[in-house]
Protein chains: 2
Amino acid sequence: MTTTTKHLPADERKAITVVTVIELAGRRNPGEITTAAIAQQMGLTQGALFRHFPSKDAIWLAVMEWVAGQLLARVEQGARHAKTAFAALDAIFTAHLDLITTCPGIPRILFHELQRAEDTPAKGVVRALITEYRKQLITILERGKINGELANEINVSAAAALFLGMIQGLVMQSLISGDPEHLNRMSSEVFTLYQRSIRKTT
Amino acid sequence: MTTTTKHLPADERKAITVVTVIELAGRRNPGEITTAAIAQQMGLTQGALFRHFPSKDAIWLAVMEWVAGQLLARVEQGARHAKTAFAALDAIFTAHLDLITTCPGIPRILFHELQRAEDTPAKGVVRALITEYRKQLITILERGKINGELANEINVSAAAALFLGMIQGLVMQSLISGDPEHLNRMSSEVFTLYQRSIRKTT
DNA sequence: TATGTTAGTAATTAATTACTTACTTAAGGG
DNA sequence: CCCTTAAGTAAGTAATTAATTACTAACATA
């Protein structure tokens with residue numbers, strides 16, 4: 001029996017808050033997620049949230065840190081356990097899309113935070129996330145050049161940008177079609193094209 | 001002398017409203033643009049806006065129609081005056097980035113509208129825009145296959161998705177870096193990669 | 001010039017929002 | 001077993017927002 005007590009330790013409550021926000025972001029505009037909506041989804045009163053977070057921005061910060069952690073962990077694991085550069089890129093691509101498929105709210109949250117005009121701490125976390133992601137990609141791409149997998153003339157910075165754009169494009173397409181299955185159907189075809197764009201042509 | 005009277009004909013006032021919103025979206029989060037802010041930027045009182053638009057959503061609808069018109073006009077022109085498929089894609093790519101550079105608010109507006117949960121009329125316009133854009137791209141790509149410019153084995157639907165993703169990726173990168181110049185520096189390098197992804201390898 | 005219409009103002013309204021406060025309840029260690 | 005304290009409730013508050021209202025100035029034209 002899961003003793004569903006009302007009072008939870010702070011750490012646990014914080015963790016639940018984060019996943020609740022991500023779940024809500026999968027269904028509605030992140031900018032329109034109110035503290036009242038978060039609380040209701042958790043079966044809590046609105047005021048209770050402010051026992052654990054000093055402000056709404058603090059909630060967003062916690063969410064971003066969780067997302068960044070999840071995504072970077074997958075990227076790093078993909079980068080580590082792969083022999084070739086292509087295998088590494090494929091692993092990262094798959095892991096990234098897998099995360100997005102399980103948590104459709106994540107790309108929406110990231111987009112929304114980047115749109116904000118103010119330089120919030122949460123935005124800083126997103127910026128750091130993308131910067132680190134790019135760095136990992138560039139390392140892999142340069143390794144691929146040395147291996148002879150990739151053409152020497154390609155611009156690795158552009159190749160990293162295209163990699164991220166490829167994922168974004170897939171996300172946008174599924175946002176438009178409203179069909180999350182769209183993502184899985186298209187992804188392998190698009191990745192094939194990406195490989196063509198950087199591979200060495202013998 | 002440009003008689004800067006206060007009273008303007010409705011059509012003119014509507015047009016000014018649209019460009020004002022786009023200009024504001026370049027500097028702040030589209031979701032946080034209030035009717036008061038729009039009015040202030042136009043040198044008008046807030047209530048006056050509702051003489052010309054029945055609701056705020058109607059303002060967004062007008063903005064989307066204007067954006068869609070601008071973008072599709074450029075796409076179609078790019079498609080028309082080009083001899084080869086690659087030339088057409090290049091023309092569209094350049095025209096699209098040019099529009100974004102002059103009006104940085106446009107991609108932000110489109111992203112924001114796609115994020116919204118409700119199915120607003122404005123969102124419908126965006127959906128139609130992207131659908132038509134994709135259709136044009138696919139036509140060009142298929143023509144390219146027949147020409148022998150493109151490899152026969154490529155998936156044109158995926159190639160269209162990658163084209164849009166490429167632009168999105170560039171926009172996102174410049175959102176992150178906060179540097180609009182970043183876009184121009186990177187764009188040609190990324191487009192080179194895109195060409196590699198679809199061209200026939202002899 | 002008289003008259004009807006369009007476009008404007010200034011003030012107000014109802015709803016919503018993040019955040020606060022005063023009080024209550026449940027945990028759990030000495 | 002009690003008592004401190006962390007966690008939760010319920011009812012606020014001040015600020016902001018889209019939309020409305022009653023009124024006025026500018027324009028068109030017969």
# chains A, B, ... in the order shown; residues from 1 in each chain; ligands from 1

$ closest_atom_pairs --of "chain D" --to "chain A" --cutoff "9 Å" --atoms "only C-alpha atoms (C1' of nucleotides)" --output "Markdown table"
| residue | atom | partner | partner_atom | distance |
| --- | --- | --- | --- | --- |
| D:DA6 | C1' | A:Pro9 | CA | 8.2 |
| D:DA7 | C1' | A:His7 | CA | 5.6 |
| D:DG8 | C1' | A:Ala48 | CA | 6.0 |
| D:DT9 | C1' | A:Thr45 | CA | 7.0 |
| D:DA10 | C1' | A:Thr45 | CA | 8.9 |

$ residues_around --residues "Asn147 (chain B)" --least-positions-apart "5" --cutoff "10 Å" --atoms "only C-alpha atoms (C1' of nucleotides)" --output "PyMOL selection string"
chain B and resi 84-85+141-142

$ residues_around --residues "Asn155 (chain B)" --least-positions-apart "4" --cutoff "10 Å" --atoms "only C-alpha atoms (C1' of nucleotides)" --output "short mmCIF file (atom, residue, chain, number, x, y, z; two decimals) with N, CA, C and O atoms, in the first residue's frame"
data_model
loop_
_atom_site.label_atom_id
_atom_site.label_comp_id
_atom_site.auth_asym_id
_atom_site.auth_seq_id
_atom_site.Cartn_x
_atom_site.Cartn_y
_atom_site.Cartn_z
N MET A 186 9.10 9.90 -39.35
CA MET A 186 9.99 10.72 -40.17
C MET A 186 11.45 10.69 -39.73
O MET A 186 12.35 10.89 -40.55
N GLU A 189 14.31 8.80 -41.61
CA GLU A 189 14.53 9.32 -42.96
C GLU A 189 15.36 10.60 -42.92
O GLU A 189 16.25 10.82 -43.73
N VAL A 190 15.02 11.45 -41.97
CA VAL A 190 15.74 12.72 -41.86
C VAL A 190 17.18 12.48 -41.43
O VAL A 190 18.10 13.12 -41.93
N THR A 192 18.99 9.93 -42.07
CA THR A 192 19.71 9.43 -43.25
C THR A 192 20.24 10.60 -44.08
O THR A 192 21.39 10.60 -44.51
N LEU A 193 19.37 11.59 -44.28
CA LEU A 193 19.80 12.77 -45.03
C LEU A 193 20.95 13.48 -44.32
O LEU A 193 21.91 13.92 -44.95
N ILE B 138 8.50 20.44 -51.85
CA ILE B 138 8.42 19.08 -52.39
C ILE B 138 8.36 19.11 -53.92
O ILE B 138 9.02 18.30 -54.60
N LEU B 141 11.83 19.77 -55.13
CA LEU B 141 12.71 18.62 -54.91
C LEU B 141 12.44 17.51 -55.93
O LEU B 141 13.37 16.89 -56.45
N GLU B 142 11.18 17.32 -56.23
CA GLU B 142 10.85 16.28 -57.20
C GLU B 142 11.32 16.67 -58.61
O GLU B 142 11.78 15.82 -59.38
N ALA B 151 19.76 13.12 -55.83
CA ALA B 151 19.84 11.66 -55.80
C ALA B 151 18.44 11.08 -55.77
O ALA B 151 17.55 11.59 -55.10
N ALA B 159 13.39 15.62 -46.85
CA ALA B 159 14.24 16.73 -47.31
C ALA B 159 13.56 18.08 -47.07
O ALA B 159 14.23 19.06 -46.72
N ALA B 160 12.25 18.11 -47.23
CA ALA B 160 11.51 19.34 -46.93
C ALA B 160 11.56 19.64 -45.44
O ALA B 160 11.78 20.79 -45.02
N ILE B 198 21.36 16.19 -50.23
CA ILE B 198 20.38 15.76 -51.24
C ILE B 198 20.95 15.60 -52.64
O ILE B 198 20.31 15.01 -53.51
#

$ interface_residues --of "chain A" --to "chain B" --cutoff "6 Å" --atoms "only C-alpha atoms" --output "PyMOL selection string"
chain A and resi 28-29+115-117+158+162+165-166+168-169+189-190+193+196-197

$ write_last_selection --atoms "C-alpha atoms" --output "PDB file, in the first residue's frame"
ATOM      1  CA  ARG A  28      -0.904  23.499 -22.749  1.00  0.00           C
ATOM      2  CA  ASN A  29       1.132  26.581 -23.530  1.00  0.00           C
ATOM      3  CA  GLN A 115      11.402  33.374 -26.186  1.00  0.00           C
ATOM      4  CA  ARG A 116      11.329  35.293 -22.933  1.00  0.00           C
ATOM      5  CA  ALA A 117      12.749  38.772 -23.121  1.00  0.00           C
ATOM      6  CA  ALA A 158      27.480  24.286 -39.166  1.00  0.00           C
ATOM      7  CA  LEU A 162      22.126  21.418 -38.620  1.00  0.00           C
ATOM      8  CA  GLY A 165      17.886  22.131 -36.429  1.00  0.00           C
ATOM      9  CA  MET A 166      17.002  18.696 -37.718  1.00  0.00           C
ATOM     10  CA  GLN A 168      13.763  21.094 -34.049  1.00  0.00           C
ATOM     11  CA  GLY A 169      12.274  20.700 -37.472  1.00  0.00           C
ATOM     12  CA  GLU A 189      14.527   9.316 -42.965  1.00  0.00           C
ATOM     13  CA  VAL A 190      15.737  12.721 -41.864  1.00  0.00           C
ATOM     14  CA  LEU A 193      19.797  12.771 -45.026  1.00  0.00           C
ATOM     15  CA  ARG A 196      24.658  12.191 -46.354  1.00  0.00           C
ATOM     16  CA  SER A 197      25.359  15.849 -45.579  1.00  0.00           C
TER      17      SER A 197
END

$ closest_residue --among "C:DA7, C:DA14, C:DC19, C:DA27" --to "chain B" --atoms "only C-alpha atoms (C1' of nucleotides)"
C:DA7

$ closest_atom_pairs --of "chain C" --to "chain A" --cutoff "12 Å" --atoms "only C-alpha atoms (C1' of nucleotides)" --output "CSV"
residue,atom,partner,partner_atom,distance
C:DT16,C1',A:Thr34,CA,10.0
C:DT17,C1',A:Thr34,CA,7.8
C:DA18,C1',A:Lys56,CA,7.6
C:DC19,C1',A:Ser55,CA,7.9
C:DT20,C1',A:Gly47,CA,8.6
C:DT21,C1',A:Gly47,CA,10.3
C:DT25,C1',A:His7,CA,9.3
C:DA26,C1',A:His7,CA,6.8
C:DA27,C1',A:His7,CA,8.3

$ write_last_selection --atoms "N, CA, C and O atoms (P, O5', C5', C4', C3', O3' and C1' of nucleotides)" --output "short mmCIF file (atom, residue, chain, number, x, y, z; two decimals), in the first residue's frame"
data_model
loop_
_atom_site.label_atom_id
_atom_site.label_comp_id
_atom_site.auth_asym_id
_atom_site.auth_seq_id
_atom_site.Cartn_x
_atom_site.Cartn_y
_atom_site.Cartn_z
P DT C 16 -11.66 34.11 -14.83
"O5'" DT C 16 -10.09 34.29 -14.71
"C5'" DT C 16 -9.39 35.01 -15.74
"C4'" DT C 16 -8.02 35.40 -15.25
"C3'" DT C 16 -7.33 34.33 -14.39
"O3'" DT C 16 -6.09 34.00 -15.01
"C1'" DT C 16 -7.13 36.48 -13.43
P DT C 17 -5.26 32.73 -14.53
"O5'" DT C 17 -4.03 33.39 -13.80
"C5'" DT C 17 -3.24 34.36 -14.49
"C4'" DT C 17 -2.39 35.12 -13.51
"C3'" DT C 17 -1.75 34.25 -12.43
"O3'" DT C 17 -0.44 33.88 -12.85
"C1'" DT C 17 -2.63 36.30 -11.54
P DA C 18 0.41 32.77 -12.06
"O5'" DA C 18 1.27 33.62 -11.02
"C5'" DA C 18 2.17 34.60 -11.51
"C4'" DA C 18 2.62 35.48 -10.35
"C3'" DA C 18 3.44 34.75 -9.29
"O3'" DA C 18 4.49 35.62 -8.87
"C1'" DA C 18 1.48 35.68 -8.31
P DC C 19 5.66 35.04 -7.93
"O5'" DC C 19 5.10 35.38 -6.48
"C5'" DC C 19 4.87 36.76 -6.15
"C4'" DC C 19 4.02 36.86 -4.90
"C3'" DC C 19 4.56 36.15 -3.64
"O3'" DC C 19 4.95 37.14 -2.70
"C1'" DC C 19 2.21 35.99 -3.84
P DT C 20 5.55 36.71 -1.25
"O5'" DT C 20 4.32 36.97 -0.27
"C5'" DT C 20 3.55 38.15 -0.39
"C4'" DT C 20 2.54 38.21 0.74
"C3'" DT C 20 3.04 37.69 2.09
"O3'" DT C 20 2.65 38.62 3.09
"C1'" DT C 20 1.05 36.57 1.50
P DT C 21 3.30 38.52 4.58
"O5'" DT C 21 2.02 38.48 5.54
"C5'" DT C 21 0.73 38.75 5.01
"C4'" DT C 21 -0.33 38.02 5.83
"C3'" DT C 21 0.15 37.47 7.17
"O3'" DT C 21 -0.86 37.66 8.15
"C1'" DT C 21 -0.80 35.75 5.92
P DT C 25 -7.40 21.25 12.36
"O5'" DT C 25 -6.25 20.30 11.79
"C5'" DT C 25 -6.15 20.11 10.39
"C4'" DT C 25 -4.83 19.43 10.07
"C3'" DT C 25 -4.59 18.12 10.85
"O3'" DT C 25 -4.25 17.15 9.90
"C1'" DT C 25 -2.70 19.50 10.93
P DA C 26 -4.60 15.60 10.20
"O5'" DA C 26 -3.16 14.94 9.98
"C5'" DA C 26 -2.52 15.16 8.73
"C4'" DA C 26 -1.02 15.14 8.92
"C3'" DA C 26 -0.47 13.84 9.53
"O3'" DA C 26 0.55 13.38 8.67
"C1'" DA C 26 0.43 15.72 10.63
P DA C 27 0.86 11.83 8.61
"O5'" DA C 27 2.36 11.78 9.10
"C5'" DA C 27 2.82 12.90 9.84
"C4'" DA C 27 4.27 13.13 9.60
"C3'" DA C 27 5.16 11.97 10.05
"O3'" DA C 27 6.41 12.09 9.41
"C1'" DA C 27 5.22 13.74 11.65
#
